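Structure file model37.cif (mmCIF, C-alpha atoms and all ligand atoms) is printed below.
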data_data
#
loop_
_atom_site.label_atom_id
_atom_site.label_comp_id
_atom_site.auth_asym_id
_atom_site.auth_seq_id
_atom_site.Cartn_x
_atom_site.Cartn_y
_atom_site.Cartn_z
CA MET A 18 98.26 90.78 71.56
CA THR A 19 97.33 93.24 68.80
CA SER A 20 96.30 96.76 69.77
CA LEU A 21 92.62 97.56 70.01
CA PRO A 22 91.00 99.57 67.22
CA THR A 23 89.37 102.96 67.71
CA LEU A 24 85.56 103.12 67.75
CA THR A 25 83.60 105.48 65.49
CA ILE A 26 79.92 106.06 66.24
CA GLY A 27 78.23 108.74 64.16
CA GLN A 28 80.59 111.72 64.13
CA TYR A 29 82.49 110.65 67.26
CA THR A 30 85.64 108.55 67.40
CA ALA A 31 86.84 107.13 70.71
CA ARG A 32 90.48 106.13 71.11
CA HIS A 33 89.40 102.84 72.70
CA PRO A 34 86.39 100.68 71.74
CA ILE A 35 84.98 100.74 75.27
CA ILE A 36 81.67 102.23 76.36
CA GLN A 37 81.03 102.38 80.11
CA GLY A 38 77.48 101.14 80.64
CA GLY A 39 74.94 103.51 82.18
CA MET A 40 74.14 102.48 85.77
CA GLY A 41 71.01 103.97 87.27
CA ILE A 42 70.26 105.85 90.48
CA ARG A 43 73.56 107.74 90.52
CA ILE A 44 75.98 104.86 90.09
CA SER A 45 77.25 106.24 86.80
CA GLY A 46 77.07 110.01 87.09
CA ALA A 47 79.40 112.73 85.88
CA GLY A 48 82.41 111.49 87.86
CA LEU A 49 82.58 108.03 86.29
CA ALA A 50 81.47 109.11 82.81
CA ALA A 51 84.07 111.91 82.63
CA ALA A 52 86.87 109.66 83.89
CA VAL A 53 86.11 107.04 81.23
CA ALA A 54 85.87 109.70 78.53
CA ASN A 55 89.19 111.21 79.65
CA ALA A 56 90.79 107.77 79.46
CA GLY A 57 89.76 107.45 75.80
CA GLY A 58 86.53 105.49 76.18
CA ILE A 59 82.91 106.65 76.01
CA GLY A 60 81.43 107.70 79.37
CA ILE A 61 77.73 107.27 80.05
CA ILE A 62 75.59 109.04 82.65
CA SER A 63 72.46 107.09 83.54
CA ALA A 64 69.54 109.50 83.59
CA ILE A 65 67.46 107.20 85.77
CA GLY A 66 66.63 108.52 89.22
CA LEU A 67 69.15 111.37 89.21
CA GLY A 68 66.57 113.65 90.80
CA MET A 69 65.99 111.36 93.79
CA ARG A 70 68.74 112.75 96.04
CA SER A 71 68.89 116.17 94.43
CA ALA A 72 67.95 119.47 96.01
CA TYR A 73 65.17 119.69 93.40
CA PHE A 74 63.10 116.83 94.85
CA ASP A 75 60.89 116.92 97.93
CA PRO A 76 59.99 113.35 98.97
CA HIS A 77 57.65 114.75 101.66
CA GLU A 78 55.29 116.44 99.22
CA PRO A 79 51.93 114.95 100.33
CA SER A 80 50.16 114.89 96.94
CA PRO A 81 51.18 111.79 94.91
CA LYS A 82 50.49 113.65 91.66
CA LYS A 83 52.62 116.63 92.65
CA ARG A 84 55.33 114.31 93.95
CA HIS A 85 55.39 112.57 90.57
CA GLU A 86 55.60 115.85 88.67
CA ASN A 87 58.22 117.18 91.06
CA PHE A 88 60.30 114.01 90.54
CA LEU A 89 60.18 114.27 86.74
CA GLU A 90 61.27 117.90 86.88
CA ALA A 91 63.98 117.09 89.45
CA ASN A 92 65.31 114.37 87.13
CA ARG A 93 65.45 116.87 84.28
CA LEU A 94 67.29 119.53 86.30
CA ALA A 95 69.66 117.00 87.87
CA LEU A 96 70.51 115.60 84.42
CA ILE A 97 71.42 119.10 83.21
CA ASP A 98 73.65 119.54 86.28
CA GLU A 99 75.29 116.16 85.71
CA LEU A 100 75.98 116.88 82.03
CA GLN A 101 77.51 120.25 82.91
CA LYS A 102 79.67 118.63 85.57
CA ALA A 103 80.82 115.90 83.18
CA ARG A 104 81.64 118.44 80.49
CA ALA A 105 83.65 120.54 82.94
CA LEU A 106 85.62 117.44 83.97
CA SER A 107 86.05 116.21 80.39
CA PRO A 108 85.83 119.12 77.95
CA HIS A 109 86.78 117.00 74.92
CA GLY A 110 85.66 113.50 75.89
CA ILE A 111 82.72 111.61 74.45
CA ILE A 112 79.87 111.70 76.95
CA GLY A 113 76.52 110.02 76.46
CA VAL A 114 73.33 109.48 78.43
CA ASN A 115 71.46 106.23 79.05
CA VAL A 116 67.69 106.56 79.30
CA MET A 117 65.39 103.59 79.93
CA VAL A 118 62.26 103.45 77.77
CA ALA A 119 60.42 101.89 80.74
CA ALA A 120 60.73 105.08 82.82
CA HIS A 121 58.15 107.82 83.03
CA GLY A 122 59.65 111.02 81.67
CA TYR A 123 61.55 109.12 78.98
CA GLU A 124 60.86 111.66 76.23
CA LEU A 125 61.73 114.59 78.50
CA LEU A 126 65.02 113.03 79.58
CA VAL A 127 66.07 112.15 76.02
CA LYS A 128 65.33 115.71 74.85
CA THR A 129 67.11 117.17 77.87
CA ALA A 130 70.17 114.99 77.21
CA VAL A 131 70.68 116.01 73.59
CA GLN A 132 69.80 119.66 74.19
CA ASN A 133 72.43 119.83 76.93
CA GLY A 134 75.39 118.42 75.11
CA ALA A 135 75.12 114.62 75.30
CA ASN A 136 77.04 113.25 72.32
CA LEU A 137 74.98 110.10 72.25
CA VAL A 138 71.89 108.48 73.71
CA ILE A 139 71.75 104.79 74.62
CA SER A 140 68.30 103.42 75.22
CA GLY A 141 66.87 100.03 76.20
CA ALA A 142 64.52 98.38 78.73
CA GLY A 143 61.79 98.55 76.12
CA LEU A 144 61.84 99.36 72.41
CA PRO A 145 63.14 102.90 71.72
CA LEU A 146 60.93 103.23 68.65
CA LYS A 147 60.46 107.00 68.94
CA LEU A 148 64.04 107.92 69.83
CA PRO A 149 64.74 109.61 66.44
CA ALA A 150 61.64 111.80 66.83
CA TYR A 151 62.72 112.98 70.28
CA THR A 152 66.21 113.89 69.06
CA ALA A 153 65.31 115.37 65.66
CA ASP A 154 66.40 118.89 66.72
CA VAL A 155 69.94 117.68 67.42
CA PRO A 156 70.88 115.47 64.45
CA THR A 157 74.53 115.26 65.59
CA ALA A 158 73.52 113.16 68.60
CA ALA A 159 74.30 109.50 67.91
CA LEU A 160 71.53 107.03 68.77
CA LEU A 161 72.15 103.54 70.14
CA PRO A 162 69.31 101.16 70.95
CA ILE A 163 70.04 98.25 73.30
CA VAL A 164 68.78 94.86 72.11
CA SER A 165 69.17 91.27 73.23
CA SER A 166 68.24 89.60 69.94
CA ALA A 167 68.65 90.15 66.22
CA ARG A 168 64.84 90.09 65.97
CA THR A 169 64.46 93.18 68.18
CA ALA A 170 67.20 95.01 66.27
CA LYS A 171 65.37 94.32 63.00
CA ILE A 172 62.09 95.73 64.37
CA ILE A 173 63.88 98.93 65.44
CA CYS A 174 65.81 99.33 62.16
CA GLN A 175 62.69 98.79 60.04
CA LYS A 176 60.59 101.22 62.05
CA TRP A 177 63.29 103.95 62.19
CA GLN A 178 63.99 103.63 58.47
CA ARG A 179 60.32 103.68 57.48
CA GLN A 180 59.23 106.44 59.81
CA TYR A 181 62.28 108.66 60.21
CA GLY A 182 64.58 107.75 57.30
CA ARG A 183 67.45 106.94 59.64
CA LEU A 184 69.11 103.97 61.25
CA PRO A 185 70.89 103.51 64.58
CA ASP A 186 74.46 104.87 64.68
CA ALA A 187 75.43 101.73 66.57
CA ILE A 188 73.55 98.93 68.33
CA VAL A 189 74.34 97.64 71.82
CA VAL A 190 73.80 93.87 71.90
CA GLU A 191 73.39 92.97 75.56
CA ASN A 192 73.57 89.35 76.65
CA PRO A 193 70.91 88.73 79.36
CA ASN A 194 72.76 85.59 80.47
CA SER A 195 75.56 87.70 81.90
CA ALA A 196 74.69 91.43 82.08
CA GLY A 197 74.00 93.27 85.32
CA GLY A 198 70.79 95.16 86.09
CA HIS A 199 67.49 94.60 84.30
CA LEU A 200 67.70 91.92 81.65
CA GLY A 201 66.15 91.96 78.20
CA ALA A 202 64.71 88.45 78.33
CA LYS A 203 62.05 86.61 80.29
CA ARG A 204 63.25 84.52 83.18
CA GLN A 205 62.36 81.24 81.45
CA GLU A 206 64.40 82.28 78.40
CA LEU A 207 67.57 82.90 80.42
CA ASP A 208 70.53 80.56 79.90
CA SER A 209 69.46 79.85 76.33
CA PRO A 210 72.46 79.66 73.95
CA ASP A 211 70.34 81.69 71.50
CA LEU A 212 71.05 84.78 73.65
CA GLU A 213 74.83 84.40 73.55
CA ALA A 214 76.97 86.82 71.55
CA GLU A 215 78.24 83.88 69.47
CA GLN A 216 74.68 83.47 68.17
CA VAL A 217 73.30 87.03 68.07
CA LEU A 218 76.27 89.01 66.68
CA PRO A 219 76.78 86.97 63.46
CA GLU A 220 73.02 86.82 62.84
CA LEU A 221 72.67 90.58 63.22
CA ILE A 222 75.75 91.35 61.12
CA ALA A 223 74.36 89.14 58.32
CA TYR A 224 71.02 90.97 58.47
CA LEU A 225 72.61 94.44 58.40
CA HIS A 226 74.93 93.54 55.52
CA ASN A 227 72.61 91.41 53.42
CA GLU A 228 69.25 93.10 53.88
CA LEU A 229 70.12 96.72 54.72
CA GLN A 230 73.55 96.93 53.06
CA GLN A 231 74.68 98.78 56.17
CA ASP A 232 77.79 98.61 58.29
CA ILE A 233 76.32 99.64 61.65
CA PRO A 234 78.80 99.09 64.52
CA LEU A 235 77.69 96.49 67.04
CA ILE A 236 78.68 96.90 70.69
CA ALA A 237 78.72 93.72 72.76
CA ALA A 238 77.59 94.00 76.40
CA GLY A 239 77.22 91.62 79.31
CA GLY A 240 79.90 89.70 81.18
CA ILE A 241 82.87 91.54 79.69
CA TRP A 242 85.57 91.66 82.31
CA ASP A 243 89.06 91.62 80.82
CA ARG A 244 91.04 92.05 77.65
CA ALA A 245 90.43 88.42 76.60
CA ASP A 246 86.65 89.06 76.75
CA ILE A 247 87.07 92.19 74.62
CA ASP A 248 89.21 90.35 72.06
CA ARG A 249 86.63 87.54 71.91
CA MET A 250 83.79 90.01 71.18
CA LEU A 251 85.82 91.82 68.50
CA ALA A 252 86.63 88.47 66.88
CA LEU A 253 82.88 87.79 66.67
CA GLY A 254 82.44 91.00 64.70
CA ALA A 255 81.63 93.51 67.46
CA ARG A 256 83.22 96.92 66.90
CA GLY A 257 83.33 97.66 70.63
CA VAL A 258 82.11 96.59 74.06
CA GLN A 259 79.94 98.09 76.79
CA ILE A 260 81.12 97.32 80.31
CA GLY A 261 79.10 97.99 83.47
CA THR A 262 80.03 95.96 86.55
CA ARG A 263 83.80 96.26 86.19
CA PHE A 264 83.55 100.05 86.44
CA ILE A 265 81.76 99.90 89.81
CA THR A 266 85.02 99.12 91.64
CA THR A 267 86.76 102.27 90.42
CA GLU A 268 87.68 105.38 92.42
CA GLU A 269 85.58 107.61 90.22
CA CYS A 270 82.38 105.55 90.23
CA ASP A 271 79.77 107.86 91.75
CA VAL A 272 78.23 105.32 94.15
CA ASP A 273 78.84 105.11 97.92
CA ARG A 274 82.11 103.40 98.86
CA ARG A 275 80.25 100.66 100.79
CA TYR A 276 78.60 99.59 97.51
CA LYS A 277 82.02 99.25 95.88
CA GLU A 278 83.34 97.32 98.89
CA PHE A 279 80.32 95.01 98.78
CA HIS A 280 81.29 94.22 95.17
CA LEU A 281 84.87 93.56 96.30
CA GLN A 282 83.72 91.13 98.96
CA ALA A 283 81.29 89.31 96.68
CA LYS A 284 81.98 85.78 95.52
CA PRO A 285 80.94 84.52 92.07
CA GLU A 286 78.21 82.37 93.68
CA ASP A 287 76.62 85.50 95.19
CA VAL A 288 75.39 86.63 91.76
CA VAL A 289 71.69 85.74 91.42
CA VAL A 290 68.69 86.60 89.25
CA VAL A 291 65.75 88.27 91.00
CA SER A 292 62.40 89.42 89.71
CA SER A 293 61.76 93.13 89.56
CA PRO A 294 58.44 95.01 89.74
CA VAL A 295 59.13 96.19 86.17
CA GLY A 296 58.24 92.66 85.08
CA LEU A 297 61.79 91.85 83.95
CA PRO A 298 64.37 89.73 85.73
CA GLY A 299 67.41 91.52 87.11
CA ARG A 300 70.90 90.28 88.04
CA ALA A 301 72.11 91.29 91.49
CA LEU A 302 74.28 90.31 94.44
CA LYS A 303 72.82 88.19 97.22
CA ASN A 304 72.21 90.07 100.47
CA PRO A 305 69.47 89.94 103.12
CA PHE A 306 67.12 91.96 100.88
CA VAL A 307 67.62 89.68 97.87
CA GLU A 308 67.20 86.57 100.07
CA LYS A 309 63.74 87.87 100.99
CA VAL A 310 62.89 88.58 97.35
CA LEU A 311 64.07 85.09 96.36
CA ALA A 312 61.93 83.60 99.12
CA GLY A 313 58.97 85.45 97.59
CA ASN A 314 58.66 87.67 100.61
CA PRO A 315 60.09 91.11 100.13
CA SER A 316 57.62 92.22 102.84
CA LYS A 317 54.36 93.52 101.44
CA SER A 318 55.08 97.15 101.90
CA LYS A 319 52.63 99.58 103.41
CA GLU A 320 54.66 102.41 101.97
CA PRO A 321 52.92 104.26 99.19
CA CYS A 322 54.32 104.35 95.68
CA LEU A 323 56.85 107.16 95.97
CA VAL A 324 56.84 108.87 92.59
CA ASN A 325 55.23 106.60 89.96
CA CYS A 326 58.62 106.34 88.25
CA LEU A 327 57.86 103.45 85.87
CA LYS A 328 55.35 102.96 83.08
CA VAL A 329 54.75 99.36 84.28
CA CYS A 330 55.20 98.60 87.99
CA LYS A 331 53.75 95.73 90.03
CA PHE A 332 54.56 97.54 93.28
CA ARG A 333 52.61 100.63 92.27
CA ASP A 334 49.66 98.63 90.98
CA SER A 335 49.31 95.88 93.58
CA ARG A 336 52.02 96.45 96.24
CA ASP A 337 53.42 93.20 94.89
CA THR A 338 57.18 92.70 95.14
CA TYR A 339 58.97 95.90 96.22
CA CYS A 340 59.63 99.52 95.28
CA ILE A 341 62.60 99.25 92.95
CA LEU A 342 63.46 102.94 93.14
CA ARG A 343 63.73 102.83 96.94
CA ALA A 344 65.61 99.49 96.86
CA LEU A 345 68.21 100.71 94.33
CA ASP A 346 68.50 104.07 96.07
CA ARG A 347 69.10 102.46 99.50
CA ALA A 348 71.94 100.41 98.01
CA ALA A 349 73.44 103.38 96.17
CA GLN A 350 73.46 105.28 99.49
CA GLY A 351 75.56 102.49 101.01
CA ASP A 352 72.83 100.38 102.64
CA VAL A 353 73.95 97.12 101.05
CA GLU A 354 71.90 94.98 103.47
CA THR A 355 68.40 96.19 102.65
CA GLY A 356 69.08 97.69 99.22
CA LEU A 357 69.27 96.05 95.80
CA VAL A 358 72.84 95.75 94.49
CA PHE A 359 72.74 95.09 90.76
CA ALA A 360 75.72 93.21 89.30
CA GLY A 361 76.75 91.29 86.21
CA SER A 362 77.67 87.62 86.19
CA HIS A 363 81.40 88.31 86.59
CA ALA A 364 81.01 90.24 89.83
CA GLY A 365 83.18 88.79 92.55
CA GLN A 366 86.38 89.00 90.54
CA ALA A 367 87.42 92.54 91.45
CA GLU A 368 90.33 92.62 93.87
CA LYS A 369 90.68 96.33 94.59
CA ILE A 370 89.25 99.75 93.84
CA LEU A 371 91.24 101.24 90.96
CA PRO A 372 91.42 104.61 89.28
CA VAL A 373 89.56 104.45 85.93
CA ALA A 374 92.75 105.31 84.02
CA GLU A 375 94.46 102.25 85.49
CA LEU A 376 91.56 99.97 84.60
CA MET A 377 91.37 101.38 81.07
CA ALA A 378 95.12 100.85 80.66
CA GLU A 379 94.78 97.24 81.82
CA LEU A 380 91.92 96.64 79.36
CA THR A 381 93.54 98.32 76.37
CA LEU A 382 97.33 97.90 76.54
CA SER A 383 98.73 95.54 73.95
C1 LIG A 401 74.38 98.58 88.97
C2 LIG A 401 73.91 98.55 87.54
C3 LIG A 401 72.97 99.48 87.10
C4 LIG A 401 72.55 99.48 85.77
N1 LIG A 401 71.67 100.44 85.34
C5 LIG A 401 71.31 100.48 84.04
C6 LIG A 401 70.47 101.53 83.56
O1 LIG A 401 70.06 102.44 84.29
N2 LIG A 401 70.09 101.49 82.25
C7 LIG A 401 70.55 100.50 81.39
O2 LIG A 401 70.18 100.51 80.21
N3 LIG A 401 71.38 99.53 81.82
C8 LIG A 401 71.78 99.50 83.10
N4 LIG A 401 72.67 98.54 83.52
C9 LIG A 401 73.33 97.66 82.51
C10 LIG A 401 74.72 98.22 82.14
O3 LIG A 401 74.61 99.45 81.48
C11 LIG A 401 75.53 97.26 81.22
O4 LIG A 401 74.96 97.11 79.95
C12 LIG A 401 75.67 95.89 81.82
O5 LIG A 401 75.97 96.02 83.16
C13 LIG A 401 76.76 95.13 81.08
O6 LIG A 401 77.07 93.94 81.73
P1 LIG A 401 78.29 93.84 82.79
O7 LIG A 401 77.81 94.48 84.03
O8 LIG A 401 78.47 92.35 82.93
O9 LIG A 401 79.48 94.52 82.21
C14 LIG A 401 73.07 98.50 84.86
C15 LIG A 401 74.00 97.55 85.32
C16 LIG A 401 74.43 97.57 86.63
C17 LIG A 401 75.46 96.57 87.08
#
Please, can you express the file's structure as structure tokens?
Ligand SMILES: Cc1cc2nc3c(=O)[nH]c(=O)nc-3n(C[C@H](O)[C@H](O)[C@H](O)COP(=O)(O)O)c2cc1C
Amino acid sequence: MTSLPTLTIGQYTARHPIIQGGMGIRISGAGLAAAVANAGGIGIISAIGLGMRSAYFDPHEPSPKKRHENFLEANRLALIDELQKARALSPHGIIGVNVMVAAHGYELLVKTAVQNGANLVISGAGLPLKLPAYTADVPTAALLPIVSSARTAKIICQKWQRQYGRLPDAIVVENPNSAGGHLGAKRQELDSPDLEAEQVLPELIAYLHNELQQDIPLIAAGGIWDRADIDRMLALGARGVQIGTRFITTEECDVDRRYKEFHLQAKPEDVVVVSSPVGLPGRALKNPFVEKVLAGNPSKSKEPCLVNCLKVCKFRDSRDTYCILRALDRAAQGDVETGLVFAGSHAGQAEKILPVAELMAELTLS
């Protein structure tokens, strides 16, 4: 086995070509991101829902409008705290922030991230067309859109070049057939070979070389579990990989231990695709909550929309489906029966909870 190359994105070079994927609602916070950065990878804090369990948020505020505003501000303050914590734990590591375009407060969170020391911003779940505008004050911050197709990457490159005179510093190419969490394809498109890395990576590399004359690093994401998966992605032309699910079963992952243990107990056949109120499918582990969602009956909730967290939400608008923020938060707090446990297609293979350094060594040693 040859040794893995380093990964340079913008002005940052990581010893190992591994980015830990952002995992929302406090699954990847400062603890996990700093541990990955200290082990020579790139650690990512997910900015989504950080305020939810923070001292800055009051869920009992009676006015929905004030609750919404309070939540956005809590997310901002909690992100600053998390970045400071990560920097204290990893003074020299590469730390980035993942912000979903689909979330309310997107612009505020992106600005907060780069103004508080995030080395890079990774952004998907929608087209991050304005990302360069929001980060213009901090040009050293590297920008990475997440795409699932060469077509989407082209739209982003053309718009950024025309409007802002810049291109992405790297592009995360996430395979919806295997990634965990919200997926960048419609349900009826899933399983198509057109979404596989074997198809998308070469097509995108050809576009970047032939039409833009650019050598933008591509980062493959979705279903990457071991060294063989990493080697396969690099052979296809990826410069690095983004890994989410495998980092859940680490000591430093910020989520409740019961969530990690639920991942340990899972079997490959427990990984299913559910619909989410965002209007995108999501990949998750089967549990009593998911069984109800799959049966089309996640109990029409009488609960009000908590904080209007998403730009598009079927629960907010029609009480259809379920409140995704509450469902993800319940799971992250350890309620793996009635919460939503996101997971990639390779979940069910983890055998024990490892320190990040041990996992990184396993993934990178030649
Ligand atoms: C529990 C969980 C939460 C996630 N949350 C986010 C998120 O907040 N934003 C995002 O862009 N991607 C999110 N993802 C996707 C990951 O960042 C990563 O790209 C994906 O999990 C890669 O596939 P893998 O899990 O098979 O490694 C999440 C994935 C999981 C498993």
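Residues in contact with ligand LIG 401 (chain A) (atom pairs separated by at most 6 Å; only C-alpha atoms and all ligand atoms) are Gly38, Gly39, Met40, Gly41, Ser63, Ile65, Asn115, Met117, Gly141, Ser195, Ala196, Gly197, Gly198, Ala238, Gly239, Gly240, Ile241, Gln259, Ile260, Gly261, Thr262, Phe359, Ala360, Gly361 and Ser362 of chain A.
Distance check against Asp337 (chain A) using only C-alpha atoms: of A:Ala159, A:Leu376, A:Val295, A:Val353, the minimum falls on A:Val295.
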Centre and edge lengths of an axis-aligned box around all listed atoms of region 117-125 of chain A, with 5 Å added on each side, are to be given in Å to one decimal, as AutoDock Vina command-line options.
--center_x 61.8 --center_y 108.2 --center_z 79.6 --size_x 17.2 --size_y 22.7 --size_z 16.8
Would you kindly identify which residues have an atom no farther than 9 Å from (78.5, 108.3, 92.8), using only C-alpha atoms and the file's own coordinates, and write them out as a short mmCIF file (atom, residue, chain, number, x, y, z; two decimals) with C-alpha atoms, keeping the file's coordinate frame?
data_model
loop_
_atom_site.label_atom_id
_atom_site.label_comp_id
_atom_site.auth_asym_id
_atom_site.auth_seq_id
_atom_site.Cartn_x
_atom_site.Cartn_y
_atom_site.Cartn_z
CA ILE A 42 70.26 105.85 90.48
CA ARG A 43 73.56 107.74 90.52
CA ILE A 44 75.98 104.86 90.09
CA SER A 45 77.25 106.24 86.80
CA GLY A 46 77.07 110.01 87.09
CA ALA A 47 79.40 112.73 85.88
CA GLY A 48 82.41 111.49 87.86
CA LEU A 49 82.58 108.03 86.29
CA GLU A 269 85.58 107.61 90.22
CA CYS A 270 82.38 105.55 90.23
CA ASP A 271 79.77 107.86 91.75
CA VAL A 272 78.23 105.32 94.15
CA ASP A 273 78.84 105.11 97.92
CA ARG A 274 82.11 103.40 98.86
CA ALA A 349 73.44 103.38 96.17
CA GLN A 350 73.46 105.28 99.49
#
For region 92-105 of chain A: contacts at 8 Å, only C-alpha atoms, fewer than 6 positions along chain excluded, given as a VMD selection string = chain A and resid 46 to 48 50 to 51 62 64 to 69 71 73 112 125 to 126 129 to 130 133 to 135
key: Asp154 (chain A) environment, 9 Å, all atoms listed in the file, sequence neighbours closer than 4 positions dropped, as a PyMOL selection string   = chain A and resi 128+131-132+150
task = Grab the CA of Ser166 (chain A) to CA of Val307 (chain A) distance for me, in Å with one decimal place.
result = 27.9 Å
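Straight-line separation from CA of Val118 (chain A) to CA of Leu148 (chain A): 9.3 Å.
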request  = For Ala312 (chain A), please output as a list in words all residues within 12 Å (counting all atoms listed in the file; exclusion window: fewer than 4 positions along the same chain).
outcome  = Val291, Ser292, Lys303, Pro305, Phe306, Val307, Glu308, Ser316 and Thr338 of chain A
task = Give me, please, the distance in Å between CA of Asn227 (chain A) and CA of Cys174 (chain A), quoted to one decimal.
result = 13.6 Å
key: Point (86.3, 92.9, 77.9), cut-off 12 Å, counting all atoms listed in the file, residues as a VMD selection string   = chain A and resid 21 33 to 37 236 to 252 255 257 to 264 363 376 to 377 379 to 381
Just want the 6 Å neighbourhood of Val288 (chain A), counted on all atoms listed in the file, with same-chain residues fewer than 3 positions away dropped. Output as a PDB file with C-alpha atoms, in the frame of the given file.
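Output file selection-v2.pdb is given in full below:
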ATOM      1  CA  PRO A 285      80.940  84.520  92.070  1.00  0.00           C
ATOM      2  CA  ALA A 301      72.110  91.290  91.490  1.00  0.00           C
ATOM      3  CA  LEU A 302      74.280  90.310  94.440  1.00  0.00           C
TER       4      LEU A 302
END
task = Please provide as a list in words all residues within 8 Å of Ala52 (chain A), with the sequence filter that same-chain residues fewer than 5 positions apart are discarded (counting all atoms listed in the file).
result = Gly60, Leu106, Ser107, Glu269, Val373 and Ala374 of chain A
Taking only C-alpha atoms into account, produce a table as CSV in which each residue of region 95-167 of chain A with an atom at most 9 Å from an atom of region 319-331 of chain A appears once, together with its shortest atom pair and the distance in Å to one decimal, ordered by chain and rising number.
residue,atom,partner,partner_atom,distance
A:Val118,CA,A:Lys328,CA,8.7
A:Ala119,CA,A:Lys328,CA,5.7
A:Ala120,CA,A:Leu327,CA,4.5
A:His121,CA,A:Leu327,CA,5.2
A:Gly122,CA,A:Cys326,CA,8.1
query = Between A:Ile233, A:His109, A:Gly182, A:Asp211, which one has atoms that come closest to Ala170 (chain A), using only C-alpha atoms?
reply = A:Ile233
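Using only C-alpha atoms for every distance, the candidate list A:Ser335, A:Leu184, A:Val127, A:Lys277 yields A:Leu184 as the residue closest to Gln230 (chain A).
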query = Nearest to Leu137 (chain A) among A:Leu200, A:Ala31, A:Ile26, A:Ile188, with distances taken over all atoms listed in the file: which residue is it?
reply = A:Ile26
message = Given all atoms listed in the file as the basis, pick out the residue of A:Gly58, A:Pro234, A:Pro193, A:Pro210 nearest to Pro162 (chain A).
response = A:Pro234
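In this comparison, which uses all atoms listed in the file, the residue of A:Val164, A:Leu225, A:Leu146, A:Leu297 approaching Lys203 (chain A) most closely is A:Leu297.
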